[in-house]
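Structure data (compact mmCIF, C-alpha atoms) from input38.txt:
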```txt
# COMPACT_ATOMS: atom_id res chain seq x y z
CA MET A 1 0.00 0.00 0.00
CA HIS A 2 2.53 2.58 -1.04
CA GLU A 3 0.13 4.50 -3.25
CA LEU A 4 -0.55 7.12 -0.55
CA SER A 5 3.03 8.41 -0.35
CA VAL A 6 3.43 8.07 -4.09
CA THR A 7 0.25 10.06 -4.72
CA GLU A 8 1.58 12.82 -2.45
CA GLN A 9 4.60 13.06 -4.78
CA LEU A 10 2.33 13.01 -7.81
CA LEU A 11 0.23 15.87 -6.41
CA ALA A 12 3.33 17.88 -5.51
CA ILE A 13 4.69 17.52 -9.06
CA THR A 14 1.31 18.47 -10.51
CA LEU A 15 0.91 21.58 -8.35
CA GLU A 16 4.48 22.70 -8.98
CA HIS A 17 4.01 22.57 -12.74
CA ALA A 18 0.64 24.28 -12.45
CA ARG A 19 2.26 27.09 -10.47
CA LYS A 20 5.07 27.46 -13.02
CA ALA A 21 2.46 27.67 -15.79
CA ASN A 22 0.52 30.35 -13.83
CA ALA A 23 -2.54 28.12 -13.97
CA GLU A 24 -5.65 28.72 -11.93
CA ARG A 25 -6.85 25.16 -12.06
CA VAL A 26 -5.65 21.73 -13.08
CA LEU A 27 -8.22 19.91 -15.21
CA ALA A 28 -6.39 16.71 -16.00
CA VAL A 29 -3.24 14.77 -15.14
CA HIS A 30 -1.80 12.21 -17.54
CA LEU A 31 0.27 9.42 -16.02
CA VAL A 32 2.33 6.70 -17.63
CA ILE A 33 2.55 3.40 -15.75
CA GLY A 34 4.47 0.33 -16.91
CA ASP A 35 2.86 -3.08 -16.53
CA LEU A 36 5.88 -4.32 -14.55
CA SER A 37 5.53 -1.56 -11.98
CA SER A 38 3.36 -2.38 -9.01
CA PHE A 39 1.31 0.81 -8.88
CA VAL A 40 -2.43 0.37 -8.86
CA GLY A 41 -4.28 3.00 -10.87
CA GLU A 42 -7.52 2.78 -8.91
CA SER A 43 -5.69 3.25 -5.66
CA ILE A 44 -3.83 6.31 -6.95
CA GLN A 45 -7.12 7.80 -8.13
CA PHE A 46 -8.66 7.17 -4.71
CA TYR A 47 -5.87 8.95 -2.83
CA PHE A 48 -5.63 11.70 -5.43
CA ASN A 49 -9.29 12.62 -4.87
CA ILE A 50 -8.70 12.95 -1.14
CA LEU A 51 -5.32 14.67 -1.23
CA SER A 52 -6.22 17.18 -3.92
CA GLU A 53 -9.19 18.58 -2.00
CA GLY A 54 -8.76 22.31 -1.50
CA THR A 55 -5.88 22.52 -4.01
CA LYS A 56 -5.79 23.74 -7.59
CA ALA A 57 -5.93 20.12 -8.67
CA GLU A 58 -9.22 19.34 -6.92
CA LYS A 59 -11.54 17.37 -9.21
CA ALA A 60 -8.84 17.01 -11.87
CA SER A 61 -9.28 13.86 -13.90
CA LEU A 62 -6.48 11.29 -13.85
CA SER A 63 -5.73 9.35 -16.99
CA MET A 64 -3.24 6.52 -17.16
CA THR A 65 -1.44 5.12 -20.14
CA ARG A 66 -0.25 1.59 -19.45
CA ILE A 67 3.00 0.52 -21.09
CA PRO A 68 3.26 -3.22 -21.71
CA ALA A 69 6.38 -5.09 -20.65
CA ARG A 70 8.80 -5.48 -23.58
CA VAL A 71 11.84 -7.71 -23.45
CA ARG A 72 14.61 -8.58 -25.91
CA CYS A 73 15.71 -12.11 -26.78
CA LYS A 74 19.37 -12.82 -26.14
CA LEU A 75 19.69 -15.17 -29.08
CA CYS A 76 17.81 -13.55 -31.97
CA GLN A 77 17.29 -10.01 -30.55
CA HIS A 78 13.54 -10.30 -31.20
CA GLU A 79 11.53 -7.90 -29.01
CA PHE A 80 8.32 -9.21 -27.52
CA THR A 81 5.77 -8.83 -24.74
CA PRO A 82 5.96 -11.80 -22.36
CA GLU A 83 2.61 -13.42 -21.73
CA GLY A 84 1.84 -14.91 -18.34
CA SER A 85 4.63 -17.17 -17.20
CA ASN A 86 6.11 -17.61 -20.67
CA TRP A 87 9.15 -15.38 -20.78
CA LEU A 88 10.87 -17.38 -23.51
CA CYS A 89 11.23 -15.88 -26.99
CA PRO A 90 8.19 -16.90 -29.07
CA ARG A 91 10.37 -16.94 -32.19
CA CYS A 92 13.38 -19.03 -31.14
CA GLY A 93 12.73 -20.12 -27.54
CA GLY A 94 15.73 -18.12 -26.30
CA LEU A 95 16.13 -16.49 -22.89
CA ILE A 96 15.68 -12.77 -22.48
CA GLU A 97 18.60 -10.38 -22.47
CA GLU A 98 17.00 -7.26 -21.12
CA VAL A 99 13.73 -5.71 -19.99
CA ILE A 100 13.26 -2.80 -22.39
CA SER A 101 10.09 -1.27 -21.00
CA GLY A 102 7.37 -1.85 -18.46
CA ARG A 103 8.86 -0.16 -15.39
CA GLU A 104 7.71 3.38 -16.27
CA PHE A 105 6.04 5.58 -13.70
CA TYR A 106 5.91 9.28 -14.51
CA VAL A 107 3.72 12.31 -15.06
CA GLU A 108 3.58 12.91 -18.80
CA SER A 109 1.58 16.13 -18.87
CA ILE A 110 -1.13 18.15 -17.17
CA GLU A 111 -4.01 20.18 -18.59
CA VAL A 112 -4.60 23.53 -16.96
CA GLU A 113 -6.60 26.70 -17.37
CA MET B 1 -7.35 24.90 -21.62
CA ARG B 2 -3.62 24.40 -22.05
CA LYS B 3 -1.53 21.29 -22.04
CA VAL B 4 1.68 21.50 -20.01
CA GLU B 5 4.33 18.90 -20.69
CA VAL B 6 5.75 17.53 -17.43
CA ILE B 7 7.69 14.26 -17.99
CA THR B 8 8.76 13.95 -14.36
CA GLN B 9 9.43 10.66 -12.63
CA ILE B 10 7.08 10.44 -9.68
CA LEU B 11 9.82 8.85 -7.58
CA ASN B 12 12.30 11.57 -8.52
CA ALA B 13 12.70 12.83 -4.95
CA ASN B 14 13.39 9.32 -3.70
CA ASP B 15 15.83 8.57 -6.50
CA LEU B 16 17.82 11.76 -5.82
CA THR B 17 18.16 10.85 -2.15
CA ALA B 18 19.14 7.31 -3.15
CA ARG B 19 21.93 8.79 -5.26
CA GLU B 20 23.17 10.79 -2.24
CA ASN B 21 23.20 7.58 -0.22
CA GLN B 22 25.13 5.87 -2.98
CA VAL B 23 27.78 8.60 -2.98
CA LEU B 24 28.09 8.46 0.81
CA LEU B 25 28.42 4.67 0.82
CA LYS B 26 30.95 4.73 -1.99
CA SER B 27 33.09 7.29 -0.14
CA HIS B 28 33.27 4.80 2.74
CA ARG B 29 33.94 1.95 0.31
CA ILE B 30 30.87 0.08 1.49
CA LEU B 31 28.92 -2.37 -0.65
CA ALA B 32 25.21 -1.87 0.06
CA VAL B 33 22.82 -4.75 -0.47
CA ASN B 34 19.06 -4.32 -0.64
CA LEU B 35 17.83 -7.63 0.79
CA MET B 36 14.21 -8.33 -0.07
CA ALA B 37 11.83 -11.24 0.54
CA SER B 38 8.35 -12.12 1.66
CA PRO B 39 7.81 -12.18 5.44
CA GLY B 40 9.31 -15.26 7.02
CA ALA B 41 11.61 -16.28 4.17
CA GLY B 42 14.59 -15.91 6.49
CA LYS B 43 16.17 -12.54 5.70
CA THR B 44 17.45 -11.97 9.22
CA SER B 45 18.75 -15.54 9.46
CA VAL B 46 20.59 -15.06 6.16
CA ILE B 47 22.17 -11.88 7.56
CA LEU B 48 23.30 -13.60 10.75
CA GLN B 49 24.74 -16.57 8.87
CA THR B 50 26.47 -14.30 6.38
CA ALA B 51 28.10 -12.26 9.13
CA LYS B 52 29.36 -15.46 10.71
CA ALA B 53 30.70 -16.79 7.40
CA LEU B 54 32.48 -13.53 6.59
CA SER B 55 33.90 -13.07 10.06
CA GLY B 56 37.50 -11.86 9.72
CA ARG B 57 37.03 -11.25 5.96
CA ALA B 58 34.48 -8.44 5.77
CA ARG B 59 32.64 -6.42 8.41
CA LEU B 60 28.87 -6.22 8.15
CA GLY B 61 26.50 -3.45 9.14
CA VAL B 62 22.74 -3.80 9.02
CA ILE B 63 19.66 -1.65 8.60
CA GLU B 64 16.51 -3.47 9.65
CA GLY B 65 13.22 -2.41 8.10
CA ASP B 66 9.98 -3.54 9.69
CA VAL B 67 6.51 -2.13 10.09
CA ALA B 68 6.91 -2.42 13.87
CA SER B 69 9.15 -3.83 16.63
CA ARG B 70 12.88 -4.16 17.30
CA ILE B 71 12.88 -7.95 17.21
CA ASP B 72 15.19 -8.25 14.19
CA ALA B 73 17.55 -5.49 15.30
CA ASP B 74 17.92 -7.11 18.71
CA LYS B 75 18.87 -10.42 17.10
CA VAL B 76 21.47 -8.71 14.93
CA ALA B 77 22.80 -6.55 17.79
CA SER B 78 23.26 -9.62 19.99
CA ALA B 79 25.66 -10.93 17.33
CA ASP B 80 27.73 -7.74 17.80
CA ILE B 81 26.84 -6.34 14.39
CA PRO B 82 26.16 -2.59 14.13
CA VAL B 83 22.46 -2.22 13.39
CA ILE B 84 19.78 0.43 13.11
CA GLN B 85 16.10 -0.47 13.22
CA ILE B 86 13.67 1.46 11.06
CA ASN B 87 9.96 1.12 11.86
CA THR B 88 7.91 2.23 8.90
CA GLY B 89 4.68 2.37 10.90
CA GLY B 90 2.57 0.85 8.15
CA GLU B 91 4.53 1.63 4.99
CA CYS B 92 5.23 -1.53 3.02
CA HIS B 93 8.79 -0.68 1.96
CA LEU B 94 11.86 1.32 2.93
CA ASP B 95 12.61 4.52 1.06
CA ALA B 96 15.83 6.42 0.48
CA LEU B 97 15.15 9.10 3.08
CA THR B 98 14.61 6.73 6.01
CA VAL B 99 17.72 4.84 4.93
CA GLN B 100 19.66 8.11 4.83
CA LYS B 101 18.73 8.83 8.44
CA ALA B 102 19.87 5.35 9.43
CA LEU B 103 23.17 5.80 7.55
CA ASN B 104 23.87 8.92 9.58
CA ALA B 105 23.56 6.86 12.76
CA LEU B 106 25.77 3.94 11.68
CA PRO B 107 29.56 3.68 12.18
CA LEU B 108 30.30 3.68 8.45
CA ASP B 109 34.06 3.55 8.92
CA GLU B 110 33.72 0.22 10.68
CA MET B 111 31.75 -1.50 7.94
CA ASP B 112 32.52 -3.13 4.59
CA ILE B 113 29.14 -4.51 3.58
CA LEU B 114 25.84 -2.90 4.54
CA VAL B 115 22.83 -5.17 4.35
CA ILE B 116 19.55 -3.30 4.22
CA GLU B 117 16.82 -5.72 5.19
CA ASN B 118 13.71 -4.40 3.53
CA VAL B 119 10.15 -4.81 4.80
CA GLY B 120 8.88 -8.33 4.09
CA ASN B 121 7.10 -7.87 0.78
CA LEU B 122 7.75 -9.05 -2.79
CA ILE B 123 6.04 -6.12 -4.52
CA CYS B 124 6.52 -2.63 -3.16
CA PRO B 125 10.24 -2.54 -2.23
CA VAL B 126 11.19 -3.06 -5.88
CA GLU B 127 10.07 0.44 -6.83
CA PHE B 128 12.17 2.33 -4.29
CA GLN B 129 15.90 2.75 -4.83
CA LEU B 130 17.74 3.08 -1.52
CA GLY B 131 21.28 3.71 -2.77
CA GLU B 132 22.19 0.03 -2.93
CA ALA B 133 24.78 -1.44 -5.27
CA ILE B 134 23.13 -4.83 -5.52
CA ARG B 135 19.70 -6.30 -4.94
CA VAL B 136 19.03 -9.77 -3.60
CA VAL B 137 15.78 -11.63 -3.04
CA VAL B 138 15.46 -14.48 -0.54
CA ALA B 139 12.98 -17.18 -1.49
CA SER B 140 12.27 -20.23 0.64
CA LEU B 141 10.97 -23.72 0.04
CA PRO B 142 7.64 -23.41 1.92
CA GLU B 143 6.67 -20.46 -0.30
CA GLY B 144 6.47 -22.61 -3.43
CA ASP B 145 8.50 -22.80 -6.62
CA ASP B 146 6.18 -20.58 -8.67
CA LYS B 147 7.23 -17.31 -7.02
CA PRO B 148 9.23 -15.97 -10.00
CA TYR B 149 6.18 -16.11 -12.25
CA LYS B 150 3.85 -14.64 -9.64
CA TYR B 151 6.20 -11.76 -8.84
CA PRO B 152 8.17 -11.11 -12.03
CA GLY B 153 8.86 -7.51 -10.99
CA ILE B 154 11.21 -8.46 -8.17
CA PHE B 155 12.75 -11.47 -9.90
CA THR B 156 13.73 -9.38 -12.93
CA ALA B 157 15.22 -6.65 -10.71
CA VAL B 158 17.74 -8.61 -8.61
CA ASN B 159 21.38 -9.63 -9.01
CA ALA B 160 20.97 -12.81 -6.99
CA VAL B 161 18.39 -15.17 -5.54
CA VAL B 162 19.05 -16.95 -2.23
CA LEU B 163 16.86 -20.03 -1.89
CA ASN B 164 16.61 -20.67 1.83
CA LYS B 165 15.34 -23.58 3.95
CA ILE B 166 16.58 -26.33 1.63
CA ASP B 167 16.72 -28.55 4.74
CA LEU B 168 12.91 -28.71 4.45
CA ALA B 169 13.09 -30.42 1.05
CA PRO B 170 11.85 -33.81 2.32
CA TYR B 171 8.73 -32.19 3.79
CA VAL B 172 7.49 -29.81 1.11
CA ASP B 173 6.56 -30.19 -2.56
CA PHE B 174 9.08 -27.81 -3.99
CA LYS B 175 10.76 -28.42 -7.33
CA ARG B 176 14.10 -26.65 -7.21
CA ASP B 177 14.51 -27.02 -10.98
CA ALA B 178 11.21 -25.22 -11.52
CA LEU B 179 12.39 -22.25 -9.46
CA ARG B 180 15.74 -22.22 -11.24
CA GLU B 181 14.01 -22.32 -14.60
CA GLY B 182 11.70 -19.48 -13.58
CA VAL B 183 14.58 -17.29 -12.44
CA GLU B 184 16.63 -18.10 -15.53
CA ARG B 185 13.77 -17.23 -17.86
CA LEU B 186 13.05 -13.90 -16.18
CA ASN B 187 16.59 -12.91 -15.33
CA PRO B 188 19.23 -15.08 -17.01
CA GLY B 189 22.17 -13.29 -15.39
CA ALA B 190 21.04 -13.73 -11.79
CA ALA B 191 23.11 -15.90 -9.47
CA ILE B 192 21.18 -18.52 -7.49
CA PHE B 193 22.34 -19.88 -4.12
CA GLU B 194 20.63 -22.77 -2.36
CA VAL B 195 21.15 -22.46 1.38
CA SER B 196 19.91 -23.59 4.74
CA CYS B 197 20.38 -21.10 7.54
CA ARG B 198 19.54 -23.90 9.93
CA THR B 199 22.30 -26.31 8.88
CA GLY B 200 24.65 -23.78 7.29
CA GLU B 201 24.62 -25.66 3.99
CA GLY B 202 25.39 -23.44 0.99
CA ILE B 203 26.11 -20.34 3.09
CA GLY B 204 29.80 -20.48 2.21
CA ALA B 205 29.20 -20.13 -1.53
CA TRP B 206 26.72 -17.29 -1.05
CA ALA B 207 29.03 -15.44 1.36
CA ALA B 208 31.98 -15.87 -1.01
CA TRP B 209 29.93 -14.40 -3.85
CA LEU B 210 28.94 -11.45 -1.68
CA GLU B 211 32.55 -10.90 -0.68
CA SER B 212 33.60 -10.95 -4.34
CA GLN B 213 30.91 -8.36 -5.12
CA TRP B 214 32.29 -6.16 -2.35
CA LYS B 215 35.85 -6.50 -3.64
CA SER B 216 34.94 -5.82 -7.25
CA ASN B 217 32.76 -2.83 -6.29
CA ARG B 218 35.46 -1.19 -4.21
CA PRO B 219 37.19 1.74 -5.83
CA GLN B 220 40.82 0.91 -6.56
CA THR B 221 43.23 2.21 -3.95
CA THR B 222 46.95 1.89 -3.51
CA ASP B 223 46.83 0.27 -0.10
CA ASP B 224 44.90 -2.79 -1.27
```
Can you dump the structure from the file as structure tokens?
Amino acid sequence: MHELSVTEQLLAITLEHARKANAERVLAVHLVIGDLSSFVGESIQFYFNILSEGTKAEKASLSMTRIPARVRCKLCQHEFTPEGSNWLCPRCGGLIEEVISGREFYVESIEVE
Amino acid sequence: MRKVEVITQILNANDLTARENQVLLKSHRILAVNLMASPGAGKTSVILQTAKALSGRARLGVIEGDVASRIDADKVASADIPVIQINTGGECHLDALTVQKALNALPLDEMDILVIENVGNLICPVEFQLGEAIRVVVASLPEGDDKPYKYPGIFTAVNAVVLNKIDLAPYVDFKRDALREGVERLNPGAAIFEVSCRTGEGIGAWAAWLESQWKSNRPQTTDD
């Protein structure tokens, strides 16, 4: 249950950028979350609603873009999204070399007025 | 309505503090290990056995992370190992700032390897850098051999897996090959050590690996 402290950071980043943009109100916050990260969107939304009360970001909508896990095969360099427990390359059966994406967790943009 | 580009990592503040910790630890030539596991896998037992195995070769220091109590710190302290207990009071993981406070209270000049025992949890600790050089997960036979597939996040993020409680093999249905295969598929470079903290089996190989990590991570100096 680390979404509370994480949502505090998220709100701080949002309000700081709103202030820099001389905004009166934040209408929307766009997040990017990788499928390998453990952050739960619904939980972030829940805390965001509570924490943002009385701030410029009150009632702002949260949208989340999920980034699927992508890995690269060591043998044939094929890039693929592992499914379930099958992390072997679907093309050649090779082991993975590297996790390319799926750990993302950042604020992409905000919409203000 | 205007769109403002942000592109800011939400854990930026934590990651910056983790980098400070890293610099501090490096200046004291300490190898920091983030030791993670589910509750009851045997993290504290692994620490105690490791300290014993490395006695006279490398000096350990320990940060204990738990939601509550000093039980683990007391066990470590009674083995004459410098230790600081962090109680997170509900948080499911350690973060860089709490670790930084603990670092300030530890005798860093008297330590070679710092083991940071994270809160028992296979999910949350993965997201929070602490300033560690290496990450290790402890798995244990009673937990089952399917853990890598159920928690791919942690098993893809570690340098080594310590499989503890192998003395229980006759009593539990645990296929060691299945765990090995799972780890190899998710994280082919990870080292795997099968140990029993109860009998001491396998601890030597694990401790030797840890010692070699410490030696290879140390900045080169003329007096070595």
Checklist outcome for this item: Separating CA of Ala157 (chain B) from CA of Met111 (chain B), to the nearest tenth of an Å, is a gap of 25.4 Å
Enumerate, in order of chain and increasing residue number, the residues of chain B with an atom no farther than 6 Å from chain A, each with its shortest atom pair and distance in Å to one decimal, counting all atoms listed in the file, as CSV.
```
residue,atom,partner,partner_atom,distance
B:Met1,CA,A:Glu113,CA,4.7
B:Arg2,CA,A:Val112,CA,5.3
B:Lys3,CA,A:Glu111,CA,4.4
B:Val4,CA,A:Ile110,CA,5.2
B:Glu5,CA,A:Ser109,CA,4.3
B:Val6,CA,A:Ser109,CA,4.6
B:Ile7,CA,A:Glu108,CA,4.4
B:Thr8,CA,A:Val107,CA,5.3
B:Gln9,CA,A:Tyr106,CA,4.2
B:Ile10,CA,A:Tyr106,CA,5.1
B:Tyr149,CA,A:Ser85,CA,5.3
B:Gly153,CA,A:Leu36,CA,5.6
B:Arg185,CA,A:Leu95,CA,5.6
```
Next on the checklist: Would you pick out the contacts of region 53-68 of chain B at 7 Å or less, using only C-alpha atoms, so that residues sharing its chain but fewer than 3 positions from it are not included, and give the list as a count of residues only?
Outcome noted: 27
Item to check | Å distance separating CA of Glu211 (chain B) from CA of Ala37 (chain B), one decimal place | outcome: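 These two atoms are separated by 20.8 Å.
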Next on the checklist: Residues proximal to (10.0, -25.7, -3.5) were defined as those with any atom within 6 Å of that point in the file's coordinates, counting all atoms listed in the file. Which are they, as a PyMOL selection string?
Outcome noted: chain B and resi 141+144-145+173-176
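For Leu16 (chain B), the residues within 9 Å (counting only C-alpha atoms, excluding itself and residues fewer than 5 positions away along the chain) are Leu11, Asn21 and Ala96 of chain B.
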Item to check | Nearest to Ala57 (chain A) by atom-to-atom distance, counting all atoms listed in the file, from A:Leu15, A:Leu75, A:Ile100, A:Cys92 | outcome: A:Leu15
